[in-house]
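**Q** Sharing a structure below in structure tokens format, with a few things to ask.
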Amino acid sequence: MSAPLVIAGHTFESRLMVGTGKYKDLAQTQAAISASGAQIVTFALRRMNIGQEENQPNLLDFISPQTYTLLPNTAGCYTAEDAVRTCQIARELLDGHNFVKLEILGDTKTLFPNIVETLKAAERLVHDAFEVLVYTTDDPITAKQLEEIGCCAIMPLAAPIGSGLGIQNRYSLRFIIENAKVPVIVDAGVGTASDAAIAMELGCDGVLMNTAIAEAKDPILMARAMGLAIEAGRHAYLAGRMPKRPYASASSTTEGYFF
Amino acid sequence: MQIILNGQAQPLDTGLSLQDFILSLGLENKRYAVELNHSIVPRSRYLETPLADGDQIEIIHAVGGG
């Protein structure tokens with residue numbers, strides 16, 4: 001049987017984590033997340049548009065903290081200072097909830113992480129009793145350093161955020177997985193269900209995605225596909241795949257021919 | 001006096017607490033967090049937090065994101 005995913009002492013049956021950006025509206029966000037089976041849901045923090053939004057429903061009216069484990073993120077931050085501030089605001093917003101996704105960007109074109117700032121922020125957040133799931137590059141050395149700082153999950157990119165290019169770095173992901181004592185979650189790059197399955201077959205503990213679901217023609221159907229792919233990939237990983245061989249190997253016995 | 005709310009300057013009567021100000025915005029029963037001059041103000045302290053000329057207030061909420 002497949003063991004549940006455990007992150008910082010929290011147990012999850014689903015290994016899929018989803019974002020809440022880019023959907024048509026909040027009802028679609030809610031329906032897609034429900035269809036995905038995900039239990040961990042990430043969101044961003046921004047200024048309220050006073051005078052326009054106070055009568056509008058808020059994301060948290062649709063994604064209930066009672067139903068989901070919320071994972072506020074620091075998307076849009078380019079410095080450790082902004083990221084730490086964002087996490088502190090999130091903790092106040094969610095009444096002391098300390099589970100955060102640290103993401104500090106390096107540039108607007110690649111949205112690759114700024115590792116120097118990420119390491120700084122991770123230290124400060126861990127020291128301040130946050131449970132830090134950290135977006136990083138696929139560099140195994142950085143991944144190990146983030147784990148040593150005390151991050152509770154390492155979240156390497158598999159391709160640029162929102163690119164849908166799929167798993168571009170399976171060897172470096174394998175190095176990270178082999179070395180890690182905390183869960184490794186692919187964060188960014190997945191485009192379709194087979195990408196999610198590949199990540200799981202590599203031995204990742206989970207996958208976080210947003211655009212691959214939200215930008216599908218039918219996000220709710222894709223959400224379901226992703227949930228199934230994560231499960232299929234996990235089972236295949238645990239089952240242990242057959243070895244590859246260069247030539248054919250007949251499946252029907254070669255004994256008892258009557259022709 | 002004048003305060004800066006989410007980056008926008010606006011006039012405000014003197015002698016108001018943060019609680020008074022938030023009620024005037026119609027934000028009851030909403031989920032948000034408040035920073036006053038870059039420090040978080042816990043919800044339990046809105047009432048006892050007076051506002052002063054030049055205060056910078058940020059009202060932050062959850063939005064879609066990945």
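Quick note on naming: the chains in the structure tokens go A, B, ... in the order shown, residues restart at 1 in each chain, and ligands are numbered from 1 in order of appearance.
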Could you give me, as JSON lines, every chain B residue with an atom at most 7 Å from chain A, plus its closest atom pair and distance in Å to one decimal, counting only C-alpha atoms, rows ordered by chain then number?
**A**
{"residue": "B:Asn6", "atom": "CA", "partner": "A:Arg47", "partner_atom": "CA", "distance": 6.4}
{"residue": "B:Gly26", "atom": "CA", "partner": "A:Glu54", "partner_atom": "CA", "distance": 6.9}
{"residue": "B:Leu27", "atom": "CA", "partner": "A:Glu54", "partner_atom": "CA", "distance": 6.2}
{"residue": "B:Arg31", "atom": "CA", "partner": "A:Leu93", "partner_atom": "CA", "distance": 6.8}
{"residue": "B:Tyr32", "atom": "CA", "partner": "A:Leu93", "partner_atom": "CA", "distance": 5.6}
{"residue": "B:Ala33", "atom": "CA", "partner": "A:Leu93", "partner_atom": "CA", "distance": 4.9}
{"residue": "B:Ile40", "atom": "CA", "partner": "A:Ile89", "partner_atom": "CA", "distance": 6.8}
{"residue": "B:Pro42", "atom": "CA", "partner": "A:Glu92", "partner_atom": "CA", "distance": 6.7}
{"residue": "B:Glu58", "atom": "CA", "partner": "A:Arg47", "partner_atom": "CA", "distance": 6.9}
{"residue": "B:Ile59", "atom": "CA", "partner": "A:Arg47", "partner_atom": "CA", "distance": 5.8}
{"residue": "B:Ile60", "atom": "CA", "partner": "A:Arg47", "partner_atom": "CA", "distance": 4.5}
{"residue": "B:His61", "atom": "CA", "partner": "A:Leu45", "partner_atom": "CA", "distance": 5.6}
{"residue": "B:Ala62", "atom": "CA", "partner": "A:Leu45", "partner_atom": "CA", "distance": 4.8}
{"residue": "B:Val63", "atom": "CA", "partner": "A:Ala44", "partner_atom": "CA", "distance": 5.2}
{"residue": "B:Gly64", "atom": "CA", "partner": "A:Gly21", "partner_atom": "CA", "distance": 4.1}
{"residue": "B:Gly65", "atom": "CA", "partner": "A:Gly21", "partner_atom": "CA", "distance": 3.9}
{"residue": "B:Gly66", "atom": "CA", "partner": "A:Gly19", "partner_atom": "CA", "distance": 4.0}
**Q** Write the residues of the preceding selection, restricted to N, CA, C and O atoms, as a PDB file, in the first residue's frame.
**A**
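Final output, again-v6.pdb:
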ATOM      1  N   ASN B   6      -3.017  51.327   1.292  1.00  0.00           N
ATOM      2  CA  ASN B   6      -2.605  50.515   0.138  1.00  0.00           C
ATOM      3  C   ASN B   6      -1.968  51.372  -0.954  1.00  0.00           C
ATOM      4  O   ASN B   6      -2.299  51.250  -2.138  1.00  0.00           O
ATOM      5  N   GLY B  26     -16.163  49.020   5.493  1.00  0.00           N
ATOM      6  CA  GLY B  26     -17.116  47.930   5.231  1.00  0.00           C
ATOM      7  C   GLY B  26     -16.449  46.574   5.124  1.00  0.00           C
ATOM      8  O   GLY B  26     -16.839  45.750   4.296  1.00  0.00           O
ATOM      9  N   LEU B  27     -15.441  46.346   5.925  1.00  0.00           N
ATOM     10  CA  LEU B  27     -14.701  45.091   5.810  1.00  0.00           C
ATOM     11  C   LEU B  27     -15.040  44.060   6.886  1.00  0.00           C
ATOM     12  O   LEU B  27     -14.297  43.100   7.071  1.00  0.00           O
ATOM     13  N   ARG B  31     -11.804  38.351   5.285  1.00  0.00           N
ATOM     14  CA  ARG B  31     -10.514  37.851   5.769  1.00  0.00           C
ATOM     15  C   ARG B  31      -9.420  38.707   5.166  1.00  0.00           C
ATOM     16  O   ARG B  31      -9.275  38.803   3.951  1.00  0.00           O
ATOM     17  N   TYR B  32      -8.641  39.316   6.043  1.00  0.00           N
ATOM     18  CA  TYR B  32      -7.526  40.153   5.592  1.00  0.00           C
ATOM     19  C   TYR B  32      -6.560  40.283   6.749  1.00  0.00           C
ATOM     20  O   TYR B  32      -6.865  39.904   7.889  1.00  0.00           O
ATOM     21  N   ALA B  33      -5.386  40.808   6.453  1.00  0.00           N
ATOM     22  CA  ALA B  33      -4.409  41.117   7.503  1.00  0.00           C
ATOM     23  C   ALA B  33      -4.005  42.567   7.315  1.00  0.00           C
ATOM     24  O   ALA B  33      -4.036  43.098   6.190  1.00  0.00           O
ATOM     25  N   ILE B  40       2.859  44.281  11.474  1.00  0.00           N
ATOM     26  CA  ILE B  40       1.546  43.633  11.509  1.00  0.00           C
ATOM     27  C   ILE B  40       0.806  44.065  12.768  1.00  0.00           C
ATOM     28  O   ILE B  40       1.400  44.118  13.851  1.00  0.00           O
ATOM     29  N   PRO B  42      -2.081  42.687  15.017  1.00  0.00           N
ATOM     30  CA  PRO B  42      -2.991  41.550  15.232  1.00  0.00           C
ATOM     31  C   PRO B  42      -4.429  42.042  15.346  1.00  0.00           C
ATOM     32  O   PRO B  42      -4.675  43.141  15.854  1.00  0.00           O
ATOM     33  N   GLU B  58      -1.588  48.940   5.205  1.00  0.00           N
ATOM     34  CA  GLU B  58      -1.746  47.952   4.128  1.00  0.00           C
ATOM     35  C   GLU B  58      -2.819  46.956   4.552  1.00  0.00           C
ATOM     36  O   GLU B  58      -2.759  46.415   5.658  1.00  0.00           O
ATOM     37  N   ILE B  59      -3.784  46.736   3.684  1.00  0.00           N
ATOM     38  CA  ILE B  59      -4.805  45.709   3.936  1.00  0.00           C
ATOM     39  C   ILE B  59      -4.626  44.637   2.860  1.00  0.00           C
ATOM     40  O   ILE B  59      -4.798  44.892   1.665  1.00  0.00           O
ATOM     41  N   ILE B  60      -4.239  43.461   3.324  1.00  0.00           N
ATOM     42  CA  ILE B  60      -3.780  42.398   2.426  1.00  0.00           C
ATOM     43  C   ILE B  60      -4.742  41.222   2.520  1.00  0.00           C
ATOM     44  O   ILE B  60      -5.179  40.863   3.613  1.00  0.00           O
ATOM     45  N   HIS B  61      -5.026  40.630   1.374  1.00  0.00           N
ATOM     46  CA  HIS B  61      -5.882  39.440   1.396  1.00  0.00           C
ATOM     47  C   HIS B  61      -5.368  38.372   0.443  1.00  0.00           C
ATOM     48  O   HIS B  61      -4.373  38.573  -0.255  1.00  0.00           O
ATOM     49  N   ALA B  62      -6.052  37.222   0.477  1.00  0.00           N
ATOM     50  CA  ALA B  62      -5.647  36.086  -0.348  1.00  0.00           C
ATOM     51  C   ALA B  62      -6.146  36.278  -1.772  1.00  0.00           C
ATOM     52  O   ALA B  62      -7.293  36.698  -1.985  1.00  0.00           O
ATOM     53  N   VAL B  63      -5.301  35.982  -2.752  1.00  0.00           N
ATOM     54  CA  VAL B  63      -5.712  35.996  -4.163  1.00  0.00           C
ATOM     55  C   VAL B  63      -5.191  34.718  -4.823  1.00  0.00           C
ATOM     56  O   VAL B  63      -4.319  34.046  -4.277  1.00  0.00           O
ATOM     57  N   GLY B  64      -5.724  34.417  -5.979  1.00  0.00           N
ATOM     58  CA  GLY B  64      -5.281  33.243  -6.711  1.00  0.00           C
ATOM     59  C   GLY B  64      -3.804  33.334  -7.033  1.00  0.00           C
ATOM     60  O   GLY B  64      -3.290  34.401  -7.363  1.00  0.00           O
ATOM     61  N   GLY B  65      -3.128  32.204  -6.943  1.00  0.00           N
ATOM     62  CA  GLY B  65      -1.707  32.180  -7.276  1.00  0.00           C
ATOM     63  C   GLY B  65      -1.170  30.774  -7.168  1.00  0.00           C
ATOM     64  O   GLY B  65      -1.803  29.897  -6.573  1.00  0.00           O
ATOM     65  N   GLY B  66      -0.028  30.550  -7.769  1.00  0.00           N
ATOM     66  CA  GLY B  66       0.546  29.198  -7.778  1.00  0.00           C
ATOM     67  C   GLY B  66       1.917  29.159  -7.166  1.00  0.00           C
ATOM     68  O   GLY B  66       2.401  30.125  -6.638  1.00  0.00           O
TER      69      GLY B  66
END
**Q** Report, in Å to a single decimal, how far apart CA of Val184 in chain A and CA of Leu133 in chain A are.
**A** 9.4 Å
**Q** Using the chain letters and numbers from this document, which residues of chain B does DSSP assign to strand (DSSP E or B), as a ChimeraX atom specification?
**A** /B:2-5,8-11,17,33-36,39-41,50,56-64
**Q** CA of Gly203 in chain A and CA of Pro183 in chain A are how many Å apart?
**A**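 Separation of CA of Gly203 in chain A and CA of Pro183 in chain A: 10.0 Å.
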**Q** Name all residues at most 7 Å from range 12-25 of chain B (count only C-alpha atoms; drop same-chain ones fewer than 5 positions away) and give them as a ChimeraX atom specification.
**A** /B:1-3,46-51
**Q** Kindly export the residues of the current selection with N, CA, C and O atoms, as a CSV table (one decimal), in the first residue's frame.
**A**
chain,number,residue,atom,x,y,z
B,1,MET,N,-6.1,65.3,8.8
B,1,MET,CA,-4.8,64.6,8.6
B,1,MET,C,-5.0,63.6,7.4
B,1,MET,O,-6.0,63.5,6.8
B,2,GLN,N,-3.8,63.0,7.0
B,2,GLN,CA,-3.8,62.2,5.8
B,2,GLN,C,-3.1,60.8,6.2
B,2,GLN,O,-2.2,60.8,6.9
B,3,ILE,N,-3.7,59.8,5.6
B,3,ILE,CA,-3.0,58.5,5.8
B,3,ILE,C,-2.8,57.9,4.4
B,3,ILE,O,-3.3,58.4,3.4
B,46,TYR,N,-6.8,46.0,17.0
B,46,TYR,CA,-7.3,47.1,16.1
B,46,TYR,C,-7.9,48.2,17.0
B,46,TYR,O,-7.7,49.4,16.7
B,47,LEU,N,-8.7,47.8,18.0
B,47,LEU,CA,-9.4,48.8,18.8
B,47,LEU,C,-8.5,49.7,19.6
B,47,LEU,O,-8.7,50.9,19.7
B,48,GLU,N,-7.4,49.2,20.0
B,48,GLU,CA,-6.4,50.0,20.8
B,48,GLU,C,-5.3,50.6,20.0
B,48,GLU,O,-4.4,51.1,20.6
B,49,THR,N,-5.5,50.6,18.7
B,49,THR,CA,-4.4,51.1,17.8
B,49,THR,C,-4.9,52.5,17.2
B,49,THR,O,-5.8,52.5,16.3
B,50,PRO,N,-4.4,53.6,17.7
B,50,PRO,CA,-4.8,54.9,17.2
B,50,PRO,C,-4.1,55.2,15.8
B,50,PRO,O,-3.0,54.7,15.6
B,51,LEU,N,-4.8,55.9,15.0
B,51,LEU,CA,-4.2,56.3,13.7
B,51,LEU,C,-3.6,57.7,13.8
B,51,LEU,O,-4.2,58.6,14.4
**Q** Would you please extract all alpha helix (DSSP H) residues from chain B, as assigned by DSSP on the backbone, and give them as a ChimeraX atom specification?
**A** /B:18-24
**Q** Give me, as a list in words, all polymer residues having an atom no more than 9 Å from Ala193 in chain A, counting only C-alpha atoms and skipping those fewer than 3 positions away in the same chain.
**A**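 Returned residues: Val190, Ala196, Ala197, Ile198, Ala212, Met222, Ala225, Met226, Gly227, Leu228, Ala229 and Ile230 of chain A.
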**Q** Could you dump the residues just selected with N, CA and C atoms as a PDB file, in the first residue's frame?
**A**
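Saved the output as selection07.pdb:
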ATOM      1  N   VAL A 190       5.238  21.238 -15.128  1.00  0.00           N
ATOM      2  CA  VAL A 190       4.341  20.202 -15.645  1.00  0.00           C
ATOM      3  C   VAL A 190       3.347  20.820 -16.642  1.00  0.00           C
ATOM      4  N   ALA A 196       3.260  14.735 -14.996  1.00  0.00           N
ATOM      5  CA  ALA A 196       3.079  14.501 -13.560  1.00  0.00           C
ATOM      6  C   ALA A 196       3.436  13.060 -13.216  1.00  0.00           C
ATOM      7  N   ALA A 197       3.032  12.139 -14.095  1.00  0.00           N
ATOM      8  CA  ALA A 197       3.335  10.720 -13.859  1.00  0.00           C
ATOM      9  C   ALA A 197       4.847  10.487 -13.892  1.00  0.00           C
ATOM     10  N   ILE A 198       5.525  11.146 -14.835  1.00  0.00           N
ATOM     11  CA  ILE A 198       6.988  10.984 -14.925  1.00  0.00           C
ATOM     12  C   ILE A 198       7.651  11.465 -13.638  1.00  0.00           C
ATOM     13  N   ALA A 212      -0.935  24.161 -15.604  1.00  0.00           N
ATOM     14  CA  ALA A 212      -1.282  22.984 -16.411  1.00  0.00           C
ATOM     15  C   ALA A 212      -2.767  22.640 -16.263  1.00  0.00           C
ATOM     16  N   MET A 222      -8.978  18.241 -16.643  1.00  0.00           N
ATOM     17  CA  MET A 222      -7.521  18.125 -16.496  1.00  0.00           C
ATOM     18  C   MET A 222      -7.140  17.933 -15.031  1.00  0.00           C
ATOM     19  N   ALA A 225      -7.524  14.401 -14.375  1.00  0.00           N
ATOM     20  CA  ALA A 225      -6.432  13.668 -15.039  1.00  0.00           C
ATOM     21  C   ALA A 225      -5.148  13.763 -14.216  1.00  0.00           C
ATOM     22  N   MET A 226      -4.882  14.933 -13.671  1.00  0.00           N
ATOM     23  CA  MET A 226      -3.663  15.123 -12.882  1.00  0.00           C
ATOM     24  C   MET A 226      -3.693  14.285 -11.608  1.00  0.00           C
ATOM     25  N   GLY A 227      -4.856  14.257 -10.981  1.00  0.00           N
ATOM     26  CA  GLY A 227      -4.981  13.442  -9.770  1.00  0.00           C
ATOM     27  C   GLY A 227      -4.695  11.980 -10.069  1.00  0.00           C
ATOM     28  N   LEU A 228      -5.232  11.493 -11.179  1.00  0.00           N
ATOM     29  CA  LEU A 228      -5.019  10.098 -11.570  1.00  0.00           C
ATOM     30  C   LEU A 228      -3.563   9.842 -11.947  1.00  0.00           C
ATOM     31  N   ALA A 229      -2.953  10.814 -12.649  1.00  0.00           N
ATOM     32  CA  ALA A 229      -1.562  10.655 -13.093  1.00  0.00           C
ATOM     33  C   ALA A 229      -0.608  10.598 -11.897  1.00  0.00           C
ATOM     34  N   ILE A 230      -0.885  11.414 -10.918  1.00  0.00           N
ATOM     35  CA  ILE A 230      -0.038  11.412  -9.717  1.00  0.00           C
ATOM     36  C   ILE A 230      -0.125  10.051  -9.038  1.00  0.00           C
TER      37      ILE A 230
END
